[in-house]
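Beneath this line is the structure, given in structure tokens, with notes to follow.
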Amino acid sequence: MKLDLLAIAPHPDDVELTSGGTMIKMAQAGYRTGILDLTRGETGTRGTPETRLKEAAHAGEIMGVAVRRNLGLPDAHIQVSDEHKAAVAAVIRELEPHTVIIPYWEGRHPDHYTAGQLCYEACFVAGLKNYSLPGQAFRPFKIVYAAAYDEVRPTFAVDITDQYAQRKEAIYAYASQFRPPEQERQSRVAIPLDDLEDRMSLQAMHYGRMIGVKYAEGFVVKEVMRVDDLIKFPVRSI
């Protein structure tokens, strides 16, 4: 099963929050899309792993993804280890995605920035013929990082104005996280879930203003982007 686009993130709901609109837009364009959640989010304050798996499946249906997997790595214990690298690389070989979205290399949660390095290295070793993995050697053509933080200036942004409402529906599929009973909102540990969707919407508006649209999602690439036509730039300079 070859995919055009695969988004990888540490926890169920991470893809929805950072690149859900883009996933919806690419599926609407006819591309085969998929999501790989690295953990079940079992150390999270709210919900259960079983509930979150059900919510992830429902959110995937809303986004129109062809494949959604959960790798079952230990939540809050993701490592750039041979074991974890091989687990991710095996899925890369199986699904053969042309483009992969992975977490940005900095972040508040250790799983997020660790997953960024883990996924990059997994994409690389998946292409090593003699690396001990099932399947044929394969390496994605493009790796992009989800720019989900205020201080990150994206390399490019995707207009998700038409997909914004559907993205919000996919996020709210995680009722255990974003619409819990009032008693579950009480915690001695500060967690950002209660205003996270609002903050990500503001982020989408921020990126949207950068490219002259209402809502957008930003992404970063480390290599130079190629441009062949200097007349057809879609974003104004002045």
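Letters for chains follow the order of the structure tokens (A, B, ...), residue numbers begin at 1 for each chain, and ligand numbers begin at 1 in the order shown.
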Query raised in the report: So which residues touch Gln203 of chain A within 10 Å, counting only C-alpha atoms, skipping near sequence neighbours fewer than 2 positions away, as a PyMOL selection string?
Result: chain A and resi 18+147-150+197-201+205-209+215-218
Query raised in the report: Could you pull the residues within 12 Å of Trp105 of chain A, counting only C-alpha atoms, minus those fewer than 5 positions along the same chain, as a ChimeraX atom specification?
Result: /A:9,110-120,144-149,152,219-222
**Report entry** Residue set, segment 84-119 of chain A restricted to strand (DSSP E or B), as a PyMOL selection string
**Finding:** chain A and resi 99-103
Write the residues you've just listed into a file as an mmCIF file, in the first residue's frame, and include N, CA and C atoms for each of them.
```cif
data_model
loop_
_atom_site.group_PDB
_atom_site.id
_atom_site.type_symbol
_atom_site.label_atom_id
_atom_site.label_comp_id
_atom_site.auth_asym_id
_atom_site.auth_seq_id
_atom_site.Cartn_x
_atom_site.Cartn_y
_atom_site.Cartn_z
ATOM 1 N N THR A 99 5.969 11.656 0.649
ATOM 2 C CA THR A 99 6.262 12.764 1.556
ATOM 3 C C THR A 99 5.885 12.359 2.976
ATOM 4 N N VAL A 100 6.721 12.759 3.937
ATOM 5 C CA VAL A 100 6.466 12.456 5.343
ATOM 6 C C VAL A 100 6.477 13.756 6.150
ATOM 7 N N ILE A 101 5.451 13.960 6.955
ATOM 8 C CA ILE A 101 5.403 15.073 7.902
ATOM 9 C C ILE A 101 5.825 14.534 9.263
ATOM 10 N N ILE A 102 6.806 15.167 9.892
ATOM 11 C CA ILE A 102 7.272 14.717 11.197
ATOM 12 C C ILE A 102 7.303 15.901 12.165
ATOM 13 N N PRO A 103 7.410 15.652 13.475
ATOM 14 C CA PRO A 103 7.414 16.749 14.445
ATOM 15 C C PRO A 103 8.638 17.645 14.300
#
```
Give me the segment 91-210 of chain A side of the contact with segment 62-74 of chain A, cut-off 8 Å, one line per residue showing its nearest atom pair and distance in Å at one decimal, counting only C-alpha atoms, sorted by chain and residue number, as JSON lines.
```
{"residue": "A:Gln166", "atom": "CA", "partner": "A:Ile62", "partner_atom": "CA", "distance": 7.2}
{"residue": "A:Arg167", "atom": "CA", "partner": "A:Met63", "partner_atom": "CA", "distance": 7.3}
{"residue": "A:Glu169", "atom": "CA", "partner": "A:Ile62", "partner_atom": "CA", "distance": 7.5}
{"residue": "A:Ala170", "atom": "CA", "partner": "A:Ile62", "partner_atom": "CA", "distance": 5.8}
```
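For the set A:Val158, A:Ile231, A:Cys123, A:Ile92, the residue with the smallest atom-to-atom gap to Lys25 of chain A is A:Val158, counting only C-alpha atoms.
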Requested in this report: Using only C-alpha atoms, find the one residue out of A:Val213, A:Val15, A:Val88, A:Val227 that sits nearest to Asp162 of chain A.
Outcome: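 That would be A:Val213, the residue with the smallest distance to Asp162 of chain A.
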Report summary line: The distance between atom CA of Glu42 of chain A and atom CA of Ala57 of chain A is 16.2 Å
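For the pair atom CA of Lys142 of chain A and atom CA of Leu5 of chain A, the interatomic distance is 9.5 Å.
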**Report entry** Nearest residue to Tyr174 of chain A from the set A:Pro49, A:His58, A:Met1, A:Ile8 (distances using only C-alpha atoms)
**Finding:**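 For Tyr174 of chain A, the nearest of the candidates is A:His58.
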